[in-house]
$ cat query-v1.txt   # compact mmCIF, C-alpha atoms
# COMPACT_ATOMS: atom_id res chain seq x y z
CA MET A 16 5.05 13.15 -21.16
CA LEU A 17 7.83 10.72 -22.06
CA THR A 18 11.00 10.27 -20.05
CA ALA A 19 14.45 10.21 -21.62
CA SER A 20 14.65 6.49 -20.92
CA GLU A 21 11.29 5.85 -22.57
CA LYS A 22 12.43 7.75 -25.64
CA ARG A 23 15.61 5.67 -25.82
CA ILE A 24 13.52 2.49 -25.69
CA ILE A 25 11.09 3.81 -28.33
CA ARG A 26 14.05 4.48 -30.65
CA GLU A 27 14.91 0.79 -30.37
CA ILE A 28 11.46 -0.78 -30.63
CA GLN A 29 10.51 1.29 -33.66
CA ASN A 30 13.15 -0.79 -35.44
CA ASP A 31 13.13 -4.53 -35.87
CA LEU A 32 12.93 -6.77 -32.80
CA PRO A 33 16.11 -8.88 -32.60
CA LEU A 34 15.64 -12.55 -33.46
CA SER A 35 17.49 -13.87 -30.46
CA GLU A 36 16.13 -15.81 -27.50
CA ARG A 37 15.99 -12.73 -25.30
CA PRO A 38 15.38 -9.81 -27.65
CA PHE A 39 14.30 -7.40 -24.92
CA ALA A 40 17.52 -8.11 -23.01
CA GLU A 41 19.43 -7.12 -26.14
CA ILE A 42 17.50 -3.84 -26.31
CA ALA A 43 18.21 -3.35 -22.59
CA ASP A 44 21.94 -3.72 -23.21
CA ARG A 45 21.84 -1.13 -25.97
CA THR A 46 19.85 1.38 -23.94
CA GLY A 47 21.61 0.88 -20.62
CA VAL A 48 18.57 -0.26 -18.64
CA THR A 49 17.45 -3.65 -17.34
CA GLU A 50 15.38 -6.16 -19.34
CA GLU A 51 12.64 -5.73 -16.76
CA GLU A 52 12.56 -1.97 -17.40
CA VAL A 53 12.27 -2.52 -21.16
CA LEU A 54 9.38 -4.96 -20.67
CA GLN A 55 7.63 -2.58 -18.28
CA THR A 56 8.07 0.35 -20.64
CA VAL A 57 6.65 -1.58 -23.61
CA ASP A 58 3.67 -2.65 -21.50
CA SER A 59 3.13 0.86 -20.26
CA LEU A 60 3.30 2.38 -23.76
CA LEU A 61 0.64 -0.11 -24.86
CA GLN A 62 -1.54 0.60 -21.84
CA ARG A 63 -1.29 4.35 -22.31
CA GLY A 64 -2.25 3.92 -25.96
CA LEU A 65 0.93 5.60 -27.20
CA MET A 66 1.70 2.33 -28.91
CA ARG A 67 -1.17 0.83 -30.89
CA ARG A 68 0.40 -2.57 -31.15
CA PHE A 69 3.57 -4.53 -30.57
CA GLY A 70 3.74 -7.09 -33.34
CA ALA A 71 4.55 -7.82 -36.95
CA ALA A 72 3.71 -5.83 -40.06
CA LEU A 73 3.47 -7.76 -43.31
CA ARG A 74 4.11 -6.67 -46.86
CA HIS A 75 0.49 -7.07 -47.86
CA THR A 76 1.16 -7.63 -51.55
CA ARG A 77 3.25 -10.68 -50.58
CA VAL A 78 0.39 -12.38 -48.80
CA GLY A 79 -2.06 -11.94 -51.63
CA TYR A 80 -3.49 -8.48 -50.93
CA LYS A 81 -2.49 -7.12 -54.31
CA ALA A 82 -5.12 -4.43 -54.75
CA ASN A 83 -5.72 -1.33 -52.68
CA ALA A 84 -7.85 1.74 -53.17
CA LEU A 85 -8.11 5.00 -51.32
CA VAL A 86 -11.81 5.82 -51.33
CA VAL A 87 -13.05 9.35 -50.68
CA TRP A 88 -16.71 10.05 -50.03
CA ARG A 89 -18.59 13.30 -49.76
CA ALA A 90 -20.53 12.72 -46.58
CA PRO A 91 -23.02 15.17 -45.07
CA GLU A 92 -21.13 16.89 -42.21
CA ASP A 93 -23.85 16.08 -39.68
CA ARG A 94 -23.66 12.35 -40.50
CA VAL A 95 -19.87 11.92 -40.72
CA GLU A 96 -19.53 10.33 -37.31
CA GLU A 97 -22.23 7.74 -37.90
CA ILE A 98 -21.06 6.99 -41.44
CA GLY A 99 -17.37 6.87 -40.49
CA THR A 100 -18.12 4.35 -37.76
CA ARG A 101 -20.00 2.14 -40.22
CA VAL A 102 -17.25 2.33 -42.87
CA ALA A 103 -14.62 1.51 -40.22
CA SER A 104 -16.51 -1.64 -39.24
CA TYR A 105 -15.68 -3.37 -42.54
CA ARG A 106 -12.85 -5.87 -42.24
CA GLU A 107 -11.46 -4.80 -45.62
CA VAL A 108 -11.07 -1.20 -44.40
CA THR A 109 -7.65 -0.78 -42.77
CA HIS A 110 -7.74 3.01 -42.31
CA CYS A 111 -10.66 5.40 -42.01
CA TYR A 112 -10.39 9.16 -41.40
CA GLN A 113 -12.43 12.32 -41.58
CA ARG A 114 -10.52 15.13 -43.30
CA GLU A 115 -11.46 18.72 -44.05
CA PRO A 116 -12.62 19.36 -47.60
CA LEU A 117 -10.82 21.99 -49.70
CA PRO A 118 -12.14 24.38 -52.35
CA GLY A 119 -12.79 22.22 -55.42
CA TRP A 120 -12.30 19.06 -53.35
CA PRO A 121 -15.52 18.30 -51.48
CA TYR A 122 -14.57 14.88 -50.04
CA ASN A 123 -14.41 14.51 -46.28
CA LEU A 124 -14.43 10.78 -45.49
CA TYR A 125 -11.44 8.62 -46.44
CA ALA A 126 -10.88 4.86 -46.27
CA MET A 127 -8.21 2.45 -47.43
CA VAL A 128 -9.59 -0.79 -48.83
CA HIS A 129 -7.32 -3.81 -49.31
CA LYS A 130 -8.32 -6.98 -51.19
CA HIS A 131 -6.74 -9.63 -53.36
CA THR A 132 -7.96 -8.14 -56.64
CA GLN A 133 -9.24 -4.84 -57.97
CA ALA A 134 -12.59 -6.48 -58.75
CA GLU A 135 -12.96 -7.51 -55.10
CA CYS A 136 -12.10 -3.98 -54.01
CA LEU A 137 -14.76 -2.59 -56.34
CA GLU A 138 -17.33 -4.96 -54.92
CA VAL A 139 -16.59 -3.95 -51.32
CA ILE A 140 -16.54 -0.23 -52.15
CA ARG A 141 -19.88 -0.46 -53.96
CA SER A 142 -21.49 -2.31 -51.11
CA ILE A 143 -20.16 0.18 -48.54
CA SER A 144 -21.34 3.14 -50.64
CA LYS A 145 -24.74 1.55 -51.00
CA GLU A 146 -25.03 0.92 -47.28
CA ILE A 147 -24.08 4.49 -46.37
CA GLU A 148 -26.19 5.85 -49.25
CA ILE A 149 -23.51 8.08 -50.71
CA ASP A 150 -22.94 8.03 -54.44
CA ASP A 151 -20.58 11.00 -54.61
CA TYR A 152 -17.22 9.29 -54.19
CA LEU A 153 -13.93 8.51 -55.92
CA MET A 154 -11.93 5.28 -55.94
CA LEU A 155 -8.22 5.91 -56.26
CA PHE A 156 -6.48 2.63 -56.99
CA SER A 157 -2.77 2.45 -56.36
CA THR A 158 -0.69 1.50 -59.36
CA ARG A 159 2.76 1.84 -57.79
CA GLU A 160 4.24 1.87 -54.32
CA LEU A 161 7.01 4.47 -54.13
CA LYS A 162 7.63 4.33 -50.40
CA ARG A 163 6.36 2.40 -47.42
CA ALA A 164 8.29 2.82 -44.18
CA SER A 165 7.70 3.09 -40.46
CA MET A 166 7.95 6.49 -38.85
CA LEU A 167 11.13 7.15 -36.88
CA TYR A 168 10.26 9.01 -33.70
CA PHE A 169 12.56 11.21 -31.64
CA VAL A 170 15.37 11.34 -34.16
CA GLU A 171 15.95 15.01 -33.41
CA ASP A 172 16.16 15.00 -29.63
CA MET B 8 7.62 -19.01 -51.14
CA GLN B 9 4.75 -21.21 -50.12
CA LEU B 10 3.16 -20.70 -46.76
CA ASP B 11 2.17 -23.77 -44.84
CA SER B 12 -0.59 -23.82 -42.27
CA ILE B 13 1.86 -23.19 -39.43
CA ASP B 14 3.28 -20.12 -41.20
CA ARG B 15 -0.25 -18.80 -41.57
CA GLN B 16 -1.10 -19.37 -37.92
CA LEU B 17 2.21 -17.77 -36.94
CA LEU B 18 1.61 -14.71 -39.15
CA ASN B 19 -1.92 -14.21 -37.86
CA LEU B 20 -0.71 -14.50 -34.27
CA ILE B 21 2.30 -12.18 -34.45
CA GLN B 22 0.35 -9.53 -36.34
CA LYS B 23 -1.96 -9.25 -33.34
CA GLN B 24 0.69 -9.22 -30.66
CA ILE B 25 4.19 -10.41 -29.95
CA PRO B 26 4.37 -11.37 -26.26
CA VAL B 27 6.06 -8.72 -24.15
CA SER B 28 8.08 -11.22 -22.13
CA SER B 29 11.62 -12.34 -21.58
CA ARG B 30 11.36 -15.23 -24.08
CA PRO B 31 8.69 -14.09 -26.57
CA TYR B 32 9.59 -16.66 -29.24
CA ALA B 33 9.32 -19.49 -26.72
CA ASP B 34 5.89 -18.17 -25.68
CA ILE B 35 4.73 -18.04 -29.31
CA GLY B 36 6.04 -21.58 -29.72
CA ALA B 37 4.10 -22.78 -26.70
CA GLU B 38 0.92 -21.44 -28.25
CA LEU B 39 1.54 -23.07 -31.64
CA GLY B 40 3.22 -26.29 -30.51
CA LEU B 41 6.66 -25.31 -31.80
CA THR B 42 10.04 -24.99 -30.16
CA GLU B 43 11.59 -21.59 -29.65
CA ALA B 44 14.24 -22.39 -32.29
CA GLU B 45 11.54 -23.35 -34.83
CA VAL B 46 9.69 -20.08 -34.25
CA ILE B 47 12.89 -18.08 -34.74
CA SER B 48 13.84 -19.94 -37.91
CA ARG B 49 10.36 -19.62 -39.40
CA ILE B 50 10.31 -15.89 -38.71
CA GLU B 51 13.78 -15.57 -40.23
CA ARG B 52 12.54 -17.29 -43.36
CA LEU B 53 9.42 -15.09 -43.56
CA LYS B 54 11.60 -12.01 -43.27
CA LYS B 55 14.03 -13.18 -45.92
CA SER B 56 11.09 -13.78 -48.25
CA HIS B 57 9.96 -10.18 -47.58
CA ILE B 58 6.64 -11.30 -46.14
CA ILE B 59 7.30 -9.76 -42.73
CA ARG B 60 8.23 -6.11 -43.14
CA ARG B 61 9.04 -5.37 -39.52
CA MET B 62 8.41 -6.62 -35.99
CA GLY B 63 8.22 -4.12 -33.18
CA GLY B 64 6.22 -1.20 -31.90
CA PHE B 65 3.62 0.65 -33.98
CA PHE B 66 2.77 4.00 -32.47
CA ASP B 67 -0.22 6.29 -32.33
CA SER B 68 1.34 9.36 -33.92
CA ARG B 69 -1.28 11.71 -32.49
CA LYS B 70 -0.82 10.48 -28.95
CA MET B 71 2.92 10.83 -29.47
CA GLY B 72 2.20 14.50 -30.14
CA TYR B 73 3.12 14.35 -33.82
CA ALA B 74 1.34 16.27 -36.58
CA GLY B 75 0.50 14.44 -39.79
CA THR B 76 -1.18 15.05 -43.08
CA LEU B 77 -2.04 13.30 -46.33
CA CYS B 78 -0.84 15.13 -49.44
CA ALA B 79 -2.04 14.75 -53.00
CA MET B 80 0.06 16.20 -55.77
CA ARG B 81 -0.35 16.53 -59.51
CA VAL B 82 2.91 15.29 -61.01
CA PRO B 83 3.60 15.05 -64.76
CA GLU B 84 4.10 11.39 -65.70
CA ALA B 85 7.64 12.04 -66.96
CA ARG B 86 8.70 13.58 -63.63
CA ILE B 87 7.43 10.89 -61.26
CA GLU B 88 10.83 9.33 -60.52
CA GLU B 89 12.54 12.65 -59.99
CA VAL B 90 9.78 14.10 -57.79
CA ALA B 91 9.54 10.86 -55.78
CA GLY B 92 13.28 11.07 -55.23
CA ILE B 93 12.87 14.48 -53.61
CA ILE B 94 9.79 13.58 -51.56
CA ASN B 95 10.97 10.16 -50.40
CA GLY B 96 14.21 11.69 -49.16
CA TYR B 97 12.33 13.00 -46.12
CA TYR B 98 12.16 10.45 -43.31
CA GLN B 99 8.97 12.26 -42.31
CA VAL B 100 7.37 10.90 -45.50
CA THR B 101 6.44 7.32 -44.63
CA HIS B 102 4.02 6.37 -47.43
CA ASN B 103 4.04 7.38 -51.07
CA TYR B 104 1.79 5.82 -53.72
CA ILE B 105 0.93 6.54 -57.32
CA ARG B 106 -2.84 6.47 -57.74
CA ASP B 107 -4.92 6.39 -60.84
CA TYR B 108 -6.22 9.99 -60.79
CA GLU B 109 -5.29 13.52 -61.88
CA TYR B 110 -3.77 14.05 -58.45
CA ASN B 111 -1.53 11.06 -58.92
CA MET B 112 1.05 11.16 -56.12
CA TRP B 113 -0.32 10.54 -52.63
CA PHE B 114 2.04 10.69 -49.67
CA THR B 115 1.93 11.20 -45.93
CA VAL B 116 4.00 13.66 -43.89
CA LEU B 117 4.43 13.17 -40.16
CA ALA B 118 6.50 15.57 -38.05
CA PRO B 119 7.08 16.44 -34.38
CA THR B 120 5.34 19.82 -34.83
CA PRO B 121 2.75 21.29 -37.23
CA GLU B 122 5.33 23.95 -38.14
CA GLN B 123 7.85 21.36 -39.27
CA ARG B 124 5.16 19.48 -41.19
CA ASN B 125 4.09 22.67 -43.00
CA ARG B 126 7.69 23.65 -43.67
CA ILE B 127 8.33 20.27 -45.35
CA ILE B 128 5.30 20.76 -47.59
CA GLU B 129 6.50 24.22 -48.61
CA GLU B 130 9.98 22.83 -49.27
CA ILE B 131 8.54 20.08 -51.44
CA LYS B 132 6.60 22.64 -53.48
CA ASN B 133 9.69 24.80 -53.90
CA ARG B 134 12.12 22.02 -54.69
CA THR B 135 9.81 20.35 -57.21
CA GLY B 136 8.37 23.55 -58.63
CA ILE B 137 4.91 21.91 -58.37
CA GLY B 138 2.41 24.05 -56.52
CA ASP B 139 -0.61 21.90 -57.24
CA LEU B 140 -0.61 20.08 -53.91
CA MET B 141 -3.48 19.45 -51.51
CA SER B 142 -2.69 18.92 -47.84
CA LEU B 143 -5.49 17.02 -46.12
CA PRO B 144 -4.84 16.67 -42.39
CA ALA B 145 -7.08 14.27 -40.49
CA LYS B 146 -9.79 15.76 -38.36
CA ARG B 147 -10.92 12.53 -36.80
CA LEU B 148 -9.61 8.97 -36.80
CA PHE B 149 -12.16 6.19 -37.12
CA LYS B 150 -9.82 3.26 -37.66
CA ILE B 151 -6.27 2.07 -38.13
CA SER B 152 -5.90 -1.68 -38.22
CA VAL B 153 -3.26 -2.82 -40.61
CA LYS B 154 -3.54 -6.54 -40.05
CA PHE B 155 -4.12 -8.98 -42.86
CA ASP B 156 -5.86 -12.28 -42.35
CA VAL B 157 -3.67 -14.82 -44.12
CA SER B 158 -5.52 -17.96 -43.10
CA GLU B 159 -7.37 -18.38 -46.38
CA VAL B 160 -4.40 -17.61 -48.58
CA GLY B 161 -2.73 -20.75 -49.83
CA HIS B 162 0.31 -19.14 -51.39
CA ALA B 163 2.21 -15.98 -50.98
CA ASN B 164 2.37 -14.26 -54.31
CA ARG B 165 5.58 -14.42 -56.21
CA GLU B 166 6.94 -11.33 -57.83
$ encode --input "query-v1.txt" --output "structure tokens"
Amino acid sequence: MLTASEKRIIREIQNDLPLSERPFAEIADRTGVTEEEVLQTVDSLLQRGLMRRFGAALRHTRVGYKANALVVWRAPEDRVEEIGTRVASYREVTHCYQREPLPGWPYNLYAMVHKHTQAECLEVIRSISKEIEIDDYLMLFSTRELKRASMLYFVED
Amino acid sequence: MQLDSIDRQLLNLIQKQIPVSSRPYADIGAELGLTEAEVISRIERLKKSHIIRRMGGFFDSRKMGYAGTLCAMRVPEARIEEVAGIINGYYQVTHNYIRDYEYNMWFTVLAPTPEQRNRIIEEIKNRTGIGDLMSLPAKRLFKISVKFDVSEVGHANRE
């Protein structure tokens, strides 16, 4: 699926883009390919959907988004698709997944909600829950960040 | 640090996409009416102030063939630091948060194979001696869009 050269380039672009005038040329030097090949590979990874985005990630607490909650709803299995799509459409929702419930843990729809304050999070979560007509849910507010890092791909081959 | 309106435009723009071109910072500059050098120095400043975490590629782990899961673990308050030390030592653990609930430690595990992912979870149980752990792999993805609109935020928060 991925060539050895693509993997070498991925190992570079999963780190920080150099802040020089020609950052992709720098990556090319390190990986032993041409700048043009690096640019083409990045484009191709985006087009194939292997890369979701080539851009910047912010520390959200530093730009005012101080509150975040993981919300878990118990959605009827036959409506999960419709409900998940509606939950995902909210701007405040950064992640939305369906997950299998477990014995004693009936929740199957998960969303991350980010806002400036906990009160604003609450407001959004209540309005989503009202819209999707599910009142069986939990709001799990984060009180501490212990780790936040980007995945490192292909470290073992 | 305070963000001016150019910082905010710059942050909104580069969160969406950094141009995949030979001179990306010059291209960003052209869009915002800045020189290449100004773009580079502003980004440098935003990184030093810990506002930008990273610039580069963000991958679709599933399309990359990786197997992930979200884990929730019940950790006694007094053992949080120690247990986090063990869990965070795995590069395959990318996120770990304390949440206000009986299952208080929530972390993700992402590995090249489901076997490796499951092995890490078993190791974590053994090494911490905590068996009360739920692994909740995703069945379907509805959204990932970790971009934050900063245009209405006057100040970055100080810590």
$ atom_distance --input "query-v1.txt" --atom1 "CA of Glu96 (chain A)" --atom2 "CA of Gly119 (chain A)"
22.7 Å
$ residues_near_point --input "query-v1.txt" --point "(-20.3, 7.5, -46.1)" --cutoff "7 Å" --atoms "all atoms listed in the file" --output "short mmCIF file (atom, residue, chain, number, x, y, z; two decimals) with C-alpha atoms, keeping the file's coordinate frame"
data_model
loop_
_atom_site.label_atom_id
_atom_site.label_comp_id
_atom_site.auth_asym_id
_atom_site.auth_seq_id
_atom_site.Cartn_x
_atom_site.Cartn_y
_atom_site.Cartn_z
CA TRP A 88 -16.71 10.05 -50.03
CA ALA A 90 -20.53 12.72 -46.58
CA VAL A 95 -19.87 11.92 -40.72
CA ILE A 98 -21.06 6.99 -41.44
CA GLY A 99 -17.37 6.87 -40.49
CA VAL A 102 -17.25 2.33 -42.87
CA LEU A 124 -14.43 10.78 -45.49
CA SER A 144 -21.34 3.14 -50.64
CA ILE A 147 -24.08 4.49 -46.37
CA GLU A 148 -26.19 5.85 -49.25
CA ILE A 149 -23.51 8.08 -50.71
#
$ interface_residues --input "query-v1.txt" --of "chain A" --to "chain B" --cutoff "6 Å" --atoms "all atoms listed in the file" --output "ChimeraX atom specification"
/A:28-29,31-32,36-37,65-74,77-79,103,109-114,155-164
$ atom_distance --input "query-v1.txt" --atom1 "CA of Ile140 (chain A)" --atom2 "CA of Glu84 (chain B)"
27.3 Å
$ atom_distance --input "query-v1.txt" --atom1 "CA of Ile25 (chain A)" --atom2 "CA of Asn125 (chain B)"
24.9 Å
$ residues_around --input "query-v1.txt" --residues "Glu107 (chain A)" --least-positions-apart "3" --cutoff "7 Å" --atoms "only C-alpha atoms" --output "number ranges by chain"
A: 128-130
$ closest_residue --input "query-v1.txt" --among "A:Asn30, A:Asn123, A:Asn83, A:Thr46" --to "Val108 (chain A)" --atoms "only C-alpha atoms"
A:Asn83
$ axis_aligned_box --input "query-v1.txt" --around "region 65-80 of chain A" --padding-each-side "5 Å" --output "lines of an AutoDock Vina configuration file"
center_x = 0.5
center_y = -3.4
center_z = -39.4
size_x = 18.0
size_y = 28.0
size_z = 34.4
